file structure_7.tsv (TSV, C-alpha atoms)
chain	number	residue	atom	x	y	z
A	123	MET	CA	41.50	-17.04	-56.77
A	124	ILE	CA	42.36	-15.43	-60.12
A	125	LYS	CA	39.24	-14.81	-62.21
A	126	GLY	CA	40.67	-12.90	-65.18
A	127	VAL	CA	42.68	-9.87	-66.22
A	128	THR	CA	42.16	-6.14	-66.55
A	129	TYR	CA	43.90	-4.46	-69.49
A	130	LYS	CA	43.75	-1.43	-71.76
A	131	ASN	CA	42.67	-1.93	-75.35
A	132	SER	CA	44.04	-0.11	-78.40
A	133	ALA	CA	41.75	2.84	-77.68
A	134	GLY	CA	43.13	3.18	-74.17
A	135	GLU	CA	39.94	1.95	-72.53
A	136	GLU	CA	40.21	-0.28	-69.48
A	137	THR	CA	38.67	-3.68	-70.14
A	138	THR	CA	38.17	-6.74	-67.95
A	139	ALA	CA	38.18	-10.29	-69.33
A	140	PHE	CA	37.05	-13.26	-67.23
A	141	ALA	CA	38.10	-16.89	-67.66
A	142	PRO	CA	38.18	-20.07	-65.53
A	143	LEU	CA	41.91	-20.41	-66.26
A	144	THR	CA	44.27	-17.47	-66.86
A	145	VAL	CA	47.63	-18.20	-68.54
A	146	VAL	CA	50.39	-15.70	-67.75
A	147	CYS	CA	53.13	-15.68	-70.38
A	148	ASP	CA	54.47	-12.12	-70.55
A	149	GLY	CA	58.20	-12.84	-70.68
A	150	CYS	CA	61.25	-12.10	-68.58
A	151	TYR	CA	60.05	-8.60	-67.68
A	152	SER	CA	56.71	-9.94	-66.44
A	153	ASN	CA	54.57	-7.49	-64.50
A	154	LEU	CA	51.82	-10.02	-63.80
A	155	ARG	CA	54.18	-12.43	-62.03
A	156	ARG	CA	54.44	-10.07	-59.06
A	157	SER	CA	50.76	-10.45	-58.26
A	158	ILE	CA	50.95	-14.26	-58.43
A	159	ASN	CA	54.08	-15.16	-56.47
A	160	ASP	CA	57.17	-13.54	-54.97
A	161	ASN	CA	59.65	-15.23	-57.28
A	162	ASN	CA	62.40	-12.78	-58.33
A	163	ALA	CA	64.89	-13.13	-61.17
A	164	GLU	CA	68.64	-12.89	-60.56
A	165	VAL	CA	70.67	-10.91	-63.11
A	166	LEU	CA	73.77	-12.96	-63.97
A	167	SER	CA	75.38	-10.91	-66.74
A	168	TYR	CA	74.62	-8.91	-69.88
A	169	GLN	CA	74.62	-10.12	-73.46
A	170	VAL	CA	75.93	-7.34	-75.69
A	171	SER	CA	75.18	-7.93	-79.36
A	172	TYR	CA	74.81	-6.35	-82.79
A	173	VAL	CA	74.33	-7.50	-86.38
A	174	SER	CA	76.97	-7.45	-89.11
A	175	LYS	CA	75.17	-7.18	-92.44
A	176	ASN	CA	76.07	-8.53	-95.88
A	177	CYS	CA	78.65	-11.07	-94.75
A	178	GLN	CA	79.01	-14.83	-94.74
A	179	LEU	CA	80.42	-17.19	-92.14
A	180	GLU	CA	82.47	-20.13	-93.27
A	181	ASP	CA	80.40	-23.21	-92.41
A	182	PRO	CA	77.39	-20.97	-91.68
A	183	ASP	CA	75.19	-23.65	-90.11
A	184	LYS	CA	77.41	-23.78	-87.04
A	185	LEU	CA	77.68	-21.32	-84.18
A	186	LYS	CA	81.19	-19.96	-83.59
A	187	LEU	CA	82.06	-20.04	-79.88
A	188	ILE	CA	85.21	-18.15	-78.85
A	189	MET	CA	86.79	-18.59	-75.42
A	190	SER	CA	87.50	-14.91	-74.89
A	191	LYS	CA	87.87	-12.84	-71.73
A	192	PRO	CA	86.03	-11.98	-69.52
A	193	SER	CA	83.63	-14.57	-70.94
A	194	PHE	CA	82.65	-16.14	-74.24
A	195	THR	CA	82.05	-14.48	-77.62
A	196	MET	CA	79.60	-15.89	-80.19
A	197	LEU	CA	79.02	-15.39	-83.89
A	198	TYR	CA	76.13	-17.07	-85.67
A	199	ARG	CA	74.07	-16.61	-88.82
A	200	ILE	CA	70.55	-15.19	-88.44
A	201	SER	CA	69.73	-14.87	-92.16
A	202	SER	CA	71.29	-15.57	-95.54
A	203	THR	CA	73.23	-12.28	-95.34
A	204	ASP	CA	73.44	-11.30	-91.66
A	205	VAL	CA	75.53	-12.50	-88.70
A	206	ARG	CA	74.85	-11.70	-85.06
A	207	CYS	CA	77.93	-11.02	-82.93
A	208	GLY	CA	77.60	-11.21	-79.15
A	209	VAL	CA	79.79	-11.01	-76.07
A	210	GLU	CA	79.01	-11.58	-72.39
A	211	LEU	CA	79.91	-8.87	-69.87
A	212	PHE	CA	79.30	-8.72	-66.14
A	213	PRO	CA	77.58	-6.10	-63.96
A	214	GLY	CA	79.92	-3.30	-62.96
A	215	ASN	CA	81.93	-3.71	-66.16
A	216	ILE	CA	79.49	-2.44	-68.80
A	217	PRO	CA	80.77	0.46	-70.96
A	218	SER	CA	78.18	3.03	-72.06
A	219	ILE	CA	76.53	2.37	-75.42
A	220	SER	CA	75.16	5.88	-75.91
A	221	ASN	CA	78.50	7.72	-75.82
A	222	GLY	CA	80.39	5.20	-77.96
A	223	GLU	CA	82.42	3.58	-75.16
A	224	MET	CA	80.94	0.17	-75.90
A	225	ALA	CA	81.90	0.29	-79.59
A	226	THR	CA	85.44	1.28	-78.61
A	227	PHE	CA	85.60	-1.50	-76.02
A	228	LEU	CA	84.44	-4.11	-78.51
A	229	LYS	CA	86.92	-2.95	-81.13
A	230	ASN	CA	89.95	-2.59	-78.84
A	231	ASN	CA	89.37	-5.30	-76.22
A	232	MET	CA	87.23	-8.01	-77.77
A	233	ALA	CA	88.11	-7.95	-81.49
A	234	PRO	CA	91.78	-8.90	-80.91
A	235	GLN	CA	90.58	-12.09	-79.17
A	236	VAL	CA	88.50	-13.14	-82.17
A	237	PRO	CA	90.31	-15.45	-84.63
A	238	PRO	CA	91.56	-13.62	-87.77
A	239	GLU	CA	89.16	-15.47	-90.08
A	240	LEU	CA	86.18	-14.15	-88.06
A	241	ARG	CA	87.55	-10.76	-87.01
A	242	LYS	CA	86.57	-8.98	-90.21
A	243	ILE	CA	82.92	-9.98	-89.69
A	244	PHE	CA	83.09	-9.01	-85.99
A	245	LEU	CA	84.43	-5.54	-86.83
A	246	LYS	CA	82.17	-4.96	-89.83
A	247	GLY	CA	79.05	-4.25	-87.78
A	248	ILE	CA	80.93	-1.91	-85.42
A	249	ASP	CA	82.53	0.03	-88.28
A	250	GLU	CA	79.17	0.39	-90.03
A	251	GLY	CA	77.50	1.75	-86.90
A	252	ALA	CA	75.26	-1.23	-86.18
A	253	GLN	CA	72.88	-0.77	-83.27
A	254	ILE	CA	74.42	-2.31	-80.17
A	255	LYS	CA	72.04	-3.76	-77.60
A	256	ALA	CA	72.67	-4.99	-74.05
A	257	MET	CA	70.21	-7.50	-72.59
A	258	PRO	CA	70.41	-8.88	-69.04
A	259	THR	CA	70.76	-12.65	-68.69
A	260	LYS	CA	68.65	-13.90	-65.83
A	261	ARG	CA	68.13	-16.98	-63.72
A	262	MET	CA	64.91	-17.78	-61.90
A	263	GLU	CA	63.74	-21.07	-60.42
A	264	ALA	CA	60.22	-22.23	-61.22
A	265	THR	CA	57.84	-21.65	-58.31
A	266	LEU	CA	54.31	-23.00	-58.17
A	267	SER	CA	51.75	-20.32	-57.36
A	268	GLU	CA	49.36	-21.05	-54.50
A	269	LYS	CA	46.60	-19.04	-56.18
A	270	GLN	CA	43.91	-20.93	-58.05
A	271	GLY	CA	42.76	-20.21	-61.58
A	272	VAL	CA	46.15	-19.22	-62.98
A	273	ILE	CA	49.24	-20.82	-64.46
A	274	VAL	CA	52.49	-19.12	-65.45
A	275	LEU	CA	54.56	-20.23	-68.46
A	276	GLY	CA	57.73	-19.21	-70.31
A	277	ASP	CA	60.28	-16.77	-68.94
A	278	ALA	CA	57.67	-15.39	-66.56
A	279	PHE	CA	57.76	-18.81	-64.86
A	280	ASN	CA	61.31	-20.12	-65.22
A	281	MET	CA	64.57	-18.73	-66.60
A	282	ARG	CA	68.06	-20.06	-67.10
A	283	HIS	CA	71.20	-18.60	-68.67
A	284	PRO	CA	70.55	-18.18	-72.42
A	285	ALA	CA	73.97	-19.56	-73.41
A	286	ILE	CA	72.29	-22.70	-74.76
A	287	ALA	CA	69.31	-20.82	-76.26
A	288	SER	CA	66.73	-23.15	-74.71
A	289	GLY	CA	63.96	-20.87	-73.43
A	290	MET	CA	61.51	-21.51	-76.28
A	291	MET	CA	62.29	-25.24	-76.22
A	292	VAL	CA	61.31	-25.53	-72.54
A	293	LEU	CA	58.18	-23.44	-73.12
A	294	LEU	CA	56.99	-25.60	-76.03
A	295	SER	CA	57.63	-28.73	-73.97
A	296	ASP	CA	55.60	-27.23	-71.12
A	297	ILE	CA	52.73	-26.38	-73.48
A	298	LEU	CA	52.57	-29.95	-74.81
A	299	ILE	CA	52.53	-31.42	-71.31
A	300	LEU	CA	49.90	-28.98	-70.08
A	301	ARG	CA	47.73	-29.55	-73.15
A	302	ARG	CA	47.68	-33.31	-72.60
A	303	LEU	CA	46.89	-32.89	-68.91
A	304	LEU	CA	44.00	-30.51	-69.62
A	305	GLN	CA	42.64	-32.48	-72.59
A	306	PRO	CA	40.62	-35.08	-70.60
A	307	LEU	CA	38.78	-32.39	-68.60
A	308	PRO	CA	35.22	-31.69	-69.77
A	309	ASN	CA	35.63	-28.01	-68.82
A	310	LEU	CA	37.98	-25.68	-66.96
A	311	GLY	CA	35.48	-24.53	-64.37
A	312	ASP	CA	36.51	-26.96	-61.61
A	313	ALA	CA	39.15	-24.98	-59.70
A	314	ASN	CA	40.23	-27.96	-57.57
A	315	LYS	CA	40.72	-30.19	-60.61
A	316	ILE	CA	42.70	-27.46	-62.36
A	317	SER	CA	44.90	-27.15	-59.26
A	318	GLU	CA	45.59	-30.90	-59.43
A	319	VAL	CA	46.53	-30.54	-63.09
A	320	ILE	CA	48.94	-27.67	-62.35
A	321	LYS	CA	50.62	-29.61	-59.54
A	322	SER	CA	51.02	-32.64	-61.83
A	323	PHE	CA	52.37	-30.38	-64.57
A	324	TYR	CA	54.95	-28.89	-62.21
A	325	ILE	CA	56.33	-32.36	-61.39
A	326	ILE	CA	56.08	-33.96	-64.84
A	327	ARG	CA	57.97	-31.09	-66.51
A	328	LYS	CA	61.02	-31.62	-64.27
A	329	PRO	CA	63.06	-34.05	-66.42
A	330	MET	CA	63.19	-31.56	-69.32
A	331	SER	CA	63.27	-28.27	-67.42
A	332	ALA	CA	65.72	-29.40	-64.73
A	333	THR	CA	68.10	-30.92	-67.29
A	334	VAL	CA	68.13	-27.78	-69.43
A	335	ASN	CA	68.25	-25.37	-66.47
A	336	THR	CA	71.16	-27.18	-64.82
A	337	LEU	CA	73.05	-27.48	-68.10
A	338	GLY	CA	72.52	-23.84	-69.08
A	339	ASN	CA	73.52	-22.41	-65.70
A	340	ALA	CA	76.51	-24.73	-65.23
A	341	PHE	CA	77.69	-24.23	-68.83
A	342	SER	CA	77.64	-20.45	-68.44
A	343	GLN	CA	79.75	-20.66	-65.27
A	344	VAL	CA	82.33	-22.87	-66.93
A	345	LEU	CA	82.76	-20.42	-69.82
A	346	ILE	CA	83.84	-17.52	-67.58
A	347	ALA	CA	87.53	-16.74	-68.01
A	348	SER	CA	89.74	-16.89	-64.93
A	349	THR	CA	93.36	-16.59	-63.86
A	350	ASP	CA	92.77	-19.55	-61.54
A	351	GLU	CA	94.53	-22.55	-63.05
A	352	ALA	CA	91.86	-25.05	-61.99
A	353	LYS	CA	88.98	-22.94	-63.36
A	354	GLU	CA	90.80	-22.31	-66.62
A	355	ALA	CA	91.53	-26.04	-66.97
A	356	MET	CA	87.82	-26.73	-66.51
A	357	ARG	CA	86.99	-24.17	-69.18
A	358	GLN	CA	89.45	-25.65	-71.66
A	359	GLY	CA	88.31	-29.16	-70.78
A	360	CYS	CA	84.70	-28.21	-71.52
A	361	TYR	CA	85.69	-26.84	-74.93
A	362	ASP	CA	87.77	-29.93	-75.75
A	363	TYR	CA	84.99	-32.28	-74.62
A	364	LEU	CA	82.43	-30.55	-76.85
A	365	SER	CA	84.74	-30.54	-79.87
A	366	SER	CA	86.11	-34.08	-79.46
A	367	GLY	CA	83.42	-35.71	-81.62
A	368	GLY	CA	81.84	-39.12	-81.15
A	369	PHE	CA	79.44	-39.90	-78.30
A	370	ARG	CA	80.75	-36.97	-76.25
A	371	THR	CA	79.71	-34.36	-78.78
A	372	SER	CA	76.53	-36.15	-79.88
A	373	GLY	CA	75.50	-36.72	-76.25
A	374	MET	CA	76.02	-33.09	-75.28
A	375	MET	CA	74.25	-31.86	-78.41
A	376	ALA	CA	71.28	-34.10	-77.59
A	377	LEU	CA	71.12	-32.54	-74.13
A	378	LEU	CA	71.56	-29.02	-75.46
A	379	GLY	CA	68.83	-29.55	-78.05
A	380	GLY	CA	66.36	-31.08	-75.59
A	381	MET	CA	66.33	-34.39	-77.48
A	382	ASN	CA	67.53	-36.31	-74.42
A	383	PRO	CA	65.86	-34.75	-71.36
A	384	ARG	CA	67.37	-37.20	-68.90
A	385	PRO	CA	69.11	-35.72	-65.83
A	386	LEU	CA	71.20	-38.87	-65.39
A	387	SER	CA	72.66	-38.37	-68.88
A	388	LEU	CA	73.47	-34.78	-67.95
A	389	ILE	CA	75.25	-35.88	-64.76
A	390	PHE	CA	77.15	-38.54	-66.74
A	391	HIS	CA	78.45	-36.01	-69.27
A	392	LEU	CA	79.26	-33.35	-66.67
A	393	CYS	CA	81.25	-35.92	-64.68
A	394	GLY	CA	82.93	-37.08	-67.89
A	395	MET	CA	83.83	-33.48	-68.69
A	396	THR	CA	85.30	-33.04	-65.21
A	397	LEU	CA	87.37	-36.23	-65.40
A	398	SER	CA	88.57	-35.30	-68.89
A	399	SER	CA	89.66	-31.88	-67.60
A	400	ILE	CA	91.48	-33.51	-64.69
A	401	ALA	CA	93.27	-35.91	-67.05
A	402	GLN	CA	94.49	-33.00	-69.17
A	403	LEU	CA	95.58	-31.09	-66.08
A	404	LEU	CA	97.62	-34.05	-64.81
A	405	SER	CA	99.36	-34.75	-68.13
A	406	PRO	CA	102.10	-35.43	-69.05
A	407	PHE	CA	102.81	-36.54	-65.44
A	408	PRO	CA	101.10	-35.82	-62.09
A	409	SER	CA	103.24	-33.39	-60.10
A	410	PRO	CA	102.12	-32.35	-56.57
A	411	ARG	CA	101.02	-28.97	-57.92
A	412	ARG	CA	98.94	-30.57	-60.70
A	413	ILE	CA	97.37	-33.02	-58.24
A	414	TRP	CA	96.38	-30.12	-55.97
A	415	HIS	CA	94.79	-28.20	-58.85
A	416	SER	CA	93.02	-31.39	-59.99
A	417	LEU	CA	91.46	-31.81	-56.55
A	418	ARG	CA	90.41	-28.17	-56.61
A	419	LEU	CA	88.93	-28.63	-60.09
A	420	PHE	CA	86.86	-31.58	-58.85
A	421	GLY	CA	85.68	-29.54	-55.87
A	422	LEU	CA	84.75	-26.61	-58.12
A	423	SER	CA	82.82	-28.94	-60.41
A	424	MET	CA	80.78	-30.36	-57.52
A	425	LYS	CA	80.25	-26.88	-56.08
A	426	MET	CA	78.89	-25.82	-59.46
A	427	LEU	CA	76.65	-28.86	-60.02
A	428	ILE	CA	75.17	-29.70	-56.61
A	429	PRO	CA	73.46	-26.34	-55.87
A	430	HIS	CA	71.67	-26.49	-59.23
A	431	LEU	CA	70.53	-30.06	-58.57
A	432	LYS	CA	69.22	-29.06	-55.15
A	433	ALA	CA	67.46	-26.01	-56.54
A	434	GLU	CA	65.70	-28.10	-59.17
A	435	GLY	CA	64.78	-30.90	-56.72
A	436	VAL	CA	67.00	-33.99	-56.77
A	437	SER	CA	64.20	-36.53	-56.26
A	438	GLN	CA	61.98	-34.97	-58.92
A	439	MET	CA	64.89	-34.87	-61.36
A	440	LEU	CA	66.20	-38.38	-60.83
A	441	TYR	CA	63.17	-40.47	-59.89
A	442	PRO	CA	62.52	-42.68	-62.99
A	443	ALA	CA	58.72	-42.46	-62.71
A	444	TYR	CA	58.82	-38.72	-63.36
A	445	ALA	CA	60.84	-39.23	-66.53
A	446	ALA	CA	58.37	-41.90	-67.66
A	447	ALA	CA	55.44	-39.59	-66.96
A	448	TYR	CA	57.17	-36.82	-68.91
A	449	ARG	CA	57.69	-39.04	-71.96
A	450	LYS	CA	54.10	-40.27	-71.89
A	451	LYS	CA	52.63	-36.80	-71.68
A	452	LEU	CA	54.99	-35.38	-74.29
A	453	TYR	CA	54.58	-38.16	-76.83
A	454	GLY	CA	50.85	-38.65	-76.68
A	455	CYS	CA	49.76	-40.93	-73.89
A	456	ASN	CA	46.33	-40.06	-72.48
A	457	SER	CA	46.03	-40.99	-68.82
A	458	SER	CA	44.06	-39.92	-65.79
A	459	LEU	CA	45.09	-37.10	-63.49
A	460	SER	CA	45.43	-39.31	-60.46
A	461	SER	CA	48.61	-40.68	-58.92
A	462	ASP	CA	49.17	-42.61	-62.19
A	463	ASP	CA	50.78	-39.41	-63.54
A	464	MET	CA	53.60	-39.84	-61.06
A	465	ASN	CA	53.75	-43.64	-60.93
A	466	CYS	CA	53.51	-44.80	-64.53
A	467	GLU	CA	56.09	-47.25	-65.77

call {"tool": "encode", "arguments": {"input": "structure_7.tsv", "output": "structure tokens"}}
result
Amino acid sequence: MIKGVTYKNSAGEETTAFAPLTVVCDGCYSNLRRSINDNNAEVLSYQVSYVSKNCQLEDPDKLKLIMSKPSFTMLYRISSTDVRCGVELFPGNIPSISNGEMATFLKNNMAPQVPPELRKIFLKGIDEGAQIKAMPTKRMEATLSEKQGVIVLGDAFNMRHPAIASGMMVLLSDILILRRLLQPLPNLGDANKISEVIKSFYIIRKPMSATVNTLGNAFSQVLIASTDEAKEAMRQGCYDYLSSGGFRTSGMMALLGGMNPRPLSLIFHLCGMTLSSIAQLLSPFPSPRRIWHSLRLFGLSMKMLIPHLKAEGVSQMLYPAYAAAYRKKLYGCNSSLSSDDMNCE
């Protein structure tokens, strides 16, 4: 049973605060998580980024995604005058920032892969000595703590690859759901009732969190460059699907933006992306070699998707009642904390 927290105030004095419900939300480097559960984060890669100042992107409201090697490169506006440039690198292949190796690597290896119209902006920050930072990208499945009196939120609770920049979106969705579940309670002193709320919260959040987690982790895997013909065809197919316009682009953008937190829609678009990649691989005519690589591409796609679905919980993701419960809690339905939370229509 968690009864509160002990911390040091600004004067360095140790202070203890007590509460019937403690909310842990101390980010991806959470120290408090270790005392609540044994959930550990997996480091997937490193995002290396810096800011180029006093420059303008053409069509500045859109992120520029470049299919570079070993993985993607991004440029996007963060203010009216500044552009953040970022590349993804993998453990064991990270040049030193302190001795200037990273700046040299970015200039000699990554800049040539950036289109000419964006290269000047990419190089500007490096040439001006912008501070280069490397942040680990992590993945961690959400695990419900068995201890009473505490709930974990944000990156301390659940992480996915930041390629789709969805961490804050999932957190805000979680806060809205939790608020509506706690609202009917007269007080927070009933530990058993709070435990029921937390268990309901864990299930009701699944349509949003599982959709975004699966999409983020799968998307990041697809964007990794490879010499394998099937993997590279999947990568190109993903890019073409996103840039094709129409319902493909709008559907994927709705998923990426959390506006359509439906796992079935995610599966539909991921399967559509796979079939589109296979069609491109087989054109202009299906030779035995192309058929073989198409079968491998399909197998790679399933190998990428199924483990994420299993990790998130297939039944909790796809059972319609959970999606209905999510929508009701998110959009303002007040209901009891009984089985109605999982069986509403």

call {"tool": "closest_residue", "arguments": {"input": "structure_7.tsv", "among": "A:Met123, A:Ile428, A:Ile158, A:Leu185", "to": "Ala141 (chain A)", "atoms": "all atoms listed in the file"}}
result
A:Met123

call {"tool": "closest_residue", "arguments": {"input": "structure_7.tsv", "among": "A:Met381, A:Leu307, A:Leu300, A:Met424", "to": "Met356 (chain A)", "atoms": "all atoms listed in the file"}}
result
A:Met424

call {"tool": "closest_residue", "arguments": {"input": "structure_7.tsv", "among": "A:Pro182, A:Pro284, A:Pro217, A:Gly271", "to": "Val165 (chain A)", "atoms": "all atoms listed in the file"}}
result
A:Pro284

call {"tool": "residues_around", "arguments": {"input": "structure_7.tsv", "residues": "Ser399 (chain A)", "least_positions_apart": "4", "cutoff": "12 Å", "atoms": "only C-alpha atoms", "output": "PyMOL selection string"}}
result
chain A and resi 344+351-364+392-395+403-405+412+415-420+422-423

call {"tool": "closest_residue", "arguments": {"input": "structure_7.tsv", "among": "A:Leu337, A:Glu434, A:Thr349, A:Ser288", "to": "Ser387 (chain A)", "atoms": "all atoms listed in the file"}}
result
A:Leu337

call {"tool": "atom_distance", "arguments": {"input": "structure_7.tsv", "atom1": "CA of Ser193 (chain A)", "atom2": "CA of Gly367 (chain A)"}}
result
23.7 Å

call {"tool": "closest_residue", "arguments": {"input": "structure_7.tsv", "among": "A:Pro234, A:Gly134, A:Gly289, A:Gly435", "to": "Lys260 (chain A)", "atoms": "all atoms listed in the file"}}
result
A:Gly289

call {"tool": "residues_around", "arguments": {"input": "structure_7.tsv", "residues": "Met189 (chain A)", "least_positions_apart": "2", "cutoff": "9 Å", "atoms": "only C-alpha atoms", "output": "list in words"}}
result
Leu187, Lys191, Pro192, Ser193, Phe194, Thr195, Gln235, Val236, Leu345, Ile346, Ala347, Arg357, Gln358 and Tyr361 of chain A

call {"tool": "write_last_selection", "arguments": {"input": "structure_7.tsv", "atoms": "C-alpha atoms", "output": "mmCIF file, in the frame of the given file"}}
result
data_model
loop_
_atom_site.group_PDB
_atom_site.id
_atom_site.type_symbol
_atom_site.label_atom_id
_atom_site.label_comp_id
_atom_site.auth_asym_id
_atom_site.auth_seq_id
_atom_site.Cartn_x
_atom_site.Cartn_y
_atom_site.Cartn_z
ATOM 1 C CA LEU A 187 82.060 -20.040 -79.880
ATOM 2 C CA LYS A 191 87.870 -12.840 -71.730
ATOM 3 C CA PRO A 192 86.030 -11.980 -69.520
ATOM 4 C CA SER A 193 83.630 -14.570 -70.940
ATOM 5 C CA PHE A 194 82.650 -16.140 -74.240
ATOM 6 C CA THR A 195 82.050 -14.480 -77.620
ATOM 7 C CA GLN A 235 90.580 -12.090 -79.170
ATOM 8 C CA VAL A 236 88.500 -13.140 -82.170
ATOM 9 C CA LEU A 345 82.760 -20.420 -69.820
ATOM 10 C CA ILE A 346 83.840 -17.520 -67.580
ATOM 11 C CA ALA A 347 87.530 -16.740 -68.010
ATOM 12 C CA ARG A 357 86.990 -24.170 -69.180
ATOM 13 C CA GLN A 358 89.450 -25.650 -71.660
ATOM 14 C CA TYR A 361 85.690 -26.840 -74.930
#

call {"tool": "residues_around", "arguments": {"input": "structure_7.tsv", "residues": "Gly208 (chain A)", "least_positions_apart": "2", "cutoff": "6 Å", "atoms": "only C-alpha atoms", "output": "mmCIF file with C-alpha atoms, keeping the file's coordinate frame"}}
result
data_model
loop_
_atom_site.group_PDB
_atom_site.id
_atom_site.type_symbol
_atom_site.label_atom_id
_atom_site.label_comp_id
_atom_site.auth_asym_id
_atom_site.auth_seq_id
_atom_site.Cartn_x
_atom_site.Cartn_y
_atom_site.Cartn_z
ATOM 1 C CA VAL A 170 75.930 -7.340 -75.690
ATOM 2 C CA SER A 171 75.180 -7.930 -79.360
ATOM 3 C CA THR A 195 82.050 -14.480 -77.620
ATOM 4 C CA MET A 196 79.600 -15.890 -80.190
#

call {"tool": "atom_distance", "arguments": {"input": "structure_7.tsv", "atom1": "CA of Phe390 (chain A)", "atom2": "CA of Met291 (chain A)"}}
result
22.1 Å

call {"tool": "closest_residue", "arguments": {"input": "structure_7.tsv", "among": "A:Arg206, A:Pro142, A:Leu388, A:Lys255", "to": "Ser218 (chain A)", "atoms": "all atoms listed in the file"}}
result
A:Lys255
